[in-house]
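To be precise, the following lines are upload_15.cif, and they hold mmCIF, C-alpha atoms.
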```
data_data
#
loop_
_atom_site.group_PDB
_atom_site.id
_atom_site.type_symbol
_atom_site.label_atom_id
_atom_site.label_comp_id
_atom_site.auth_asym_id
_atom_site.auth_seq_id
_atom_site.Cartn_x
_atom_site.Cartn_y
_atom_site.Cartn_z
ATOM 1 C CA MET A 24 -11.901 13.267 21.971
ATOM 2 C CA ALA A 25 -10.731 9.658 22.273
ATOM 3 C CA ALA A 26 -12.769 8.599 19.242
ATOM 4 C CA ILE A 27 -11.182 11.370 17.162
ATOM 5 C CA LYS A 28 -7.708 9.952 17.668
ATOM 6 C CA TYR A 29 -8.720 6.324 17.031
ATOM 7 C CA ILE A 30 -11.021 6.581 13.983
ATOM 8 C CA PRO A 31 -8.324 7.674 11.472
ATOM 9 C CA GLN A 32 -6.055 4.758 12.458
ATOM 10 C CA ALA A 33 -8.886 2.235 12.214
ATOM 11 C CA ALA A 34 -9.885 3.623 8.797
ATOM 12 C CA MET A 35 -6.289 3.596 7.552
ATOM 13 C CA ASN A 36 -5.831 -0.020 8.658
ATOM 14 C CA PHE A 37 -9.068 -0.915 6.870
ATOM 15 C CA MET A 38 -8.170 0.876 3.632
ATOM 16 C CA ARG A 39 -4.660 -0.593 3.533
ATOM 17 C CA LYS A 40 -5.863 -4.023 4.724
ATOM 18 C CA SER A 41 -2.718 -4.080 6.822
ATOM 19 C CA THR A 42 -1.368 -3.014 10.195
ATOM 20 C CA ASP A 43 2.287 -2.911 9.115
ATOM 21 C CA GLY A 44 4.170 -0.238 11.032
ATOM 22 C CA PHE A 45 1.473 -0.087 13.704
ATOM 23 C CA SER A 46 2.599 -0.528 17.314
ATOM 24 C CA ILE A 47 0.294 -3.105 18.884
ATOM 25 C CA GLY A 48 2.211 -2.857 22.180
ATOM 26 C CA ASN A 49 0.712 0.548 22.996
ATOM 27 C CA VAL A 50 -2.757 -0.807 22.277
ATOM 28 C CA MET A 51 -2.160 -3.707 24.667
ATOM 29 C CA LEU A 52 -1.004 -1.310 27.381
ATOM 30 C CA ASP A 53 -4.033 0.918 26.820
ATOM 31 C CA PHE A 54 -6.358 -2.090 27.041
ATOM 32 C CA CYS A 55 -4.689 -3.223 30.281
ATOM 33 C CA GLY A 56 -5.155 0.309 31.643
ATOM 34 C CA GLY A 57 -8.869 0.184 30.809
ATOM 35 C CA MET A 58 -9.214 -3.180 32.538
ATOM 36 C CA ALA A 59 -7.356 -1.832 35.582
ATOM 37 C CA ASN A 60 -9.722 1.159 35.599
ATOM 38 C CA TYR A 61 -12.763 -1.121 35.784
ATOM 39 C CA ALA A 62 -11.084 -3.332 38.385
ATOM 40 C CA GLN A 63 -10.472 -0.236 40.524
ATOM 41 C CA MET A 64 -14.079 0.910 40.165
ATOM 42 C CA VAL A 65 -15.458 -2.537 41.047
ATOM 43 C CA THR A 66 -13.123 -2.806 44.052
ATOM 44 C CA GLN A 67 -14.176 0.624 45.319
ATOM 45 C CA SER A 68 -17.838 -0.188 44.754
ATOM 46 C CA ILE A 69 -17.563 -3.433 46.706
ATOM 47 C CA ASP A 70 -15.668 -1.670 49.489
ATOM 48 C CA GLN A 71 -18.211 1.147 49.724
ATOM 49 C CA ASN A 72 -21.147 -1.227 49.227
ATOM 50 C CA SER A 73 -22.485 1.123 46.533
ATOM 51 C CA TRP A 74 -22.261 1.179 42.749
ATOM 52 C CA VAL A 75 -22.190 4.970 42.646
ATOM 53 C CA ASN A 76 -18.644 4.814 41.197
ATOM 54 C CA PHE A 77 -20.161 3.743 37.877
ATOM 55 C CA SER A 78 -23.240 5.952 37.803
ATOM 56 C CA GLY A 79 -21.635 8.961 39.468
ATOM 57 C CA ASN A 80 -18.625 9.149 37.152
ATOM 58 C CA ILE A 81 -20.200 8.512 33.758
ATOM 59 C CA GLY A 82 -17.415 10.350 31.895
ATOM 60 C CA LYS A 83 -14.765 7.980 33.203
ATOM 61 C CA VAL A 84 -16.925 4.956 32.365
ATOM 62 C CA LEU A 85 -17.719 6.107 28.810
ATOM 63 C CA LEU A 86 -14.146 7.154 28.043
ATOM 64 C CA SER A 87 -12.874 3.801 29.208
ATOM 65 C CA LEU A 88 -15.519 1.962 27.162
ATOM 66 C CA VAL A 89 -14.656 3.883 23.983
ATOM 67 C CA CYS A 90 -10.923 3.290 24.445
ATOM 68 C CA MET A 91 -11.391 -0.409 25.146
ATOM 69 C CA PHE A 92 -13.701 -0.777 22.121
ATOM 70 C CA PHE A 93 -11.071 0.669 19.799
ATOM 71 C CA ASP A 94 -8.326 -1.362 21.495
ATOM 72 C CA LEU A 95 -10.305 -4.535 20.792
ATOM 73 C CA LEU A 96 -10.877 -3.369 17.214
ATOM 74 C CA PHE A 97 -7.140 -2.772 16.694
ATOM 75 C CA MET A 98 -6.245 -6.142 18.214
ATOM 76 C CA CYS A 99 -8.785 -7.821 15.933
ATOM 77 C CA GLN A 100 -7.360 -5.991 12.911
ATOM 78 C CA HIS A 101 -3.779 -6.831 13.864
ATOM 79 C CA TYR A 102 -4.151 -10.498 14.780
ATOM 80 C CA VAL A 103 -7.310 -11.720 12.989
ATOM 81 C CA LEU A 104 -8.221 -9.621 9.942
ATOM 82 C CA TYR A 105 -4.803 -8.507 8.675
ATOM 83 C CA PRO A 106 -2.124 -10.750 10.213
ATOM 84 C CA SER A 107 1.469 -9.979 9.333
ATOM 85 C CA LYS A 108 2.953 -11.920 6.436
ATOM 86 C CA LYS A 109 6.598 -11.354 7.383
ATOM 87 C CA GLY A 110 7.581 -15.008 7.060
ATOM 88 C CA ALA A 111 6.053 -15.366 3.580
ATOM 89 C CA SER A 112 8.078 -12.684 1.801
ATOM 90 C CA ALA A 113 11.748 -12.768 0.963
ATOM 91 C CA PRO A 114 14.016 -10.230 2.646
ATOM 92 C CA PRO A 115 14.785 -7.227 0.445
ATOM 93 C CA SER A 116 18.058 -7.393 -1.416
ATOM 94 C CA LYS A 117 19.712 -5.500 -4.247
ATOM 95 C CA PHE A 118 18.635 -8.279 -6.618
ATOM 96 C CA ASN A 119 15.019 -8.198 -5.489
ATOM 97 C CA LYS A 120 13.383 -5.453 -7.583
ATOM 98 C CA THR A 121 10.457 -4.355 -5.450
ATOM 99 C CA VAL A 122 8.063 -1.663 -6.529
ATOM 100 C CA THR A 123 7.705 1.144 -4.013
ATOM 101 C CA GLU A 124 5.373 4.074 -4.163
ATOM 102 C CA PRO A 125 4.862 6.791 -1.548
ATOM 103 C CA LEU A 126 1.547 6.814 0.299
ATOM 104 C CA ILE A 127 1.172 10.556 -0.207
ATOM 105 C CA LYS A 128 2.362 12.260 -3.362
ATOM 106 C CA THR A 129 3.752 15.761 -3.105
ATOM 107 C CA PRO A 130 2.555 18.439 -5.538
ATOM 108 C CA ASP A 131 5.998 18.704 -7.207
ATOM 109 C CA GLN A 132 5.955 15.029 -8.284
ATOM 110 C CA PRO A 133 4.595 14.442 -11.791
ATOM 111 C CA VAL A 134 1.676 12.053 -12.046
ATOM 112 C CA ALA A 135 2.689 9.111 -14.235
ATOM 113 C CA ALA A 136 -0.144 7.009 -15.601
ATOM 114 C CA ASN A 137 0.266 3.322 -14.741
ATOM 115 C CA VAL A 138 4.043 3.604 -14.307
ATOM 116 C CA PRO A 139 5.312 2.217 -10.992
ATOM 117 C CA VAL A 140 8.286 3.829 -9.316
ATOM 118 C CA ALA A 141 11.108 1.290 -8.981
ATOM 119 C CA GLU A 142 13.505 1.263 -6.056
ATOM 120 C CA SER A 143 17.048 2.330 -6.987
ATOM 121 C CA VAL A 144 19.783 -0.270 -6.564
#
```
Let's see the structure in the file written out as structure tokens.
Amino acid sequence: MAAIKYIPQAAMNFMRKSTDGFSIGNVMLDFCGGMANYAQMVTQSIDQNSWVNFSGNIGKVLLSLVCMFFDLLFMCQHYVLYPSKKGASAPPSKFNKTVTEPLIKTPDQPVAANVPVAESV
């Protein structure tokens, strides 16, 4: 189930070559939770002098591994592959004619061939 919720976001980031609008803070918190999970399991295993916490609860281990894998992937996408270019672009103004186009077109919008939709001033 965890992979189902992460794969579309990873694919969207890849297709757009950007993580704009993506909250990296939640990913960091999720990664910290996964690390805390493993720290708890190691601490319990040391205390009990048995590593049965890892082998006996394989669902918890695999879920945590999948979540941490995708967290690392998102952090890599956000900071390494597609870093934000906020400082390089000028702030939008009424004199700056930027071309905007919706990500998803609704059926009632006509399809214009090679005609960008300009932002209204």
ask   = Given the file above and the PyMOL selection byres ((chain A and resi 50-57) around 12), which residues are selected, and can you give them as a ChimeraX atom specification?
value = /A:25,29,32,45-49,58-64,83-101
Next, the residues of the selection above should be written as a tab-separated table (two decimals), in the coordinates of the input with C-alpha atoms.
```tsv
chain	number	residue	atom	x	y	z
A	25	ALA	CA	-10.73	9.66	22.27
A	29	TYR	CA	-8.72	6.32	17.03
A	32	GLN	CA	-6.06	4.76	12.46
A	45	PHE	CA	1.47	-0.09	13.70
A	46	SER	CA	2.60	-0.53	17.31
A	47	ILE	CA	0.29	-3.10	18.88
A	48	GLY	CA	2.21	-2.86	22.18
A	49	ASN	CA	0.71	0.55	23.00
A	58	MET	CA	-9.21	-3.18	32.54
A	59	ALA	CA	-7.36	-1.83	35.58
A	60	ASN	CA	-9.72	1.16	35.60
A	61	TYR	CA	-12.76	-1.12	35.78
A	62	ALA	CA	-11.08	-3.33	38.38
A	63	GLN	CA	-10.47	-0.24	40.52
A	64	MET	CA	-14.08	0.91	40.16
A	83	LYS	CA	-14.76	7.98	33.20
A	84	VAL	CA	-16.92	4.96	32.36
A	85	LEU	CA	-17.72	6.11	28.81
A	86	LEU	CA	-14.15	7.15	28.04
A	87	SER	CA	-12.87	3.80	29.21
A	88	LEU	CA	-15.52	1.96	27.16
A	89	VAL	CA	-14.66	3.88	23.98
A	90	CYS	CA	-10.92	3.29	24.44
A	91	MET	CA	-11.39	-0.41	25.15
A	92	PHE	CA	-13.70	-0.78	22.12
A	93	PHE	CA	-11.07	0.67	19.80
A	94	ASP	CA	-8.33	-1.36	21.50
A	95	LEU	CA	-10.30	-4.54	20.79
A	96	LEU	CA	-10.88	-3.37	17.21
A	97	PHE	CA	-7.14	-2.77	16.69
A	98	MET	CA	-6.24	-6.14	18.21
A	99	CYS	CA	-8.78	-7.82	15.93
A	100	GLN	CA	-7.36	-5.99	12.91
A	101	HIS	CA	-3.78	-6.83	13.86
```
inquiry  = Selection in question (the file shown): the PyMOL selection byres ((chain A and resi 40) around 12). Which residues does it include, as number ranges by chain?
reply    = A: 32-39, 41-43, 100-101, 103-108
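Here CA of Asn76 in chain A stands at a distance of 22.1 Å from CA of Met24 in chain A.
Going from CA of Ala26 in chain A over to CA of Ile127 in chain A, you cover 24.0 Å.
If you look at CA of Ile27 in chain A and CA of Gly82 in chain A, they are 16.0 Å away from each other.
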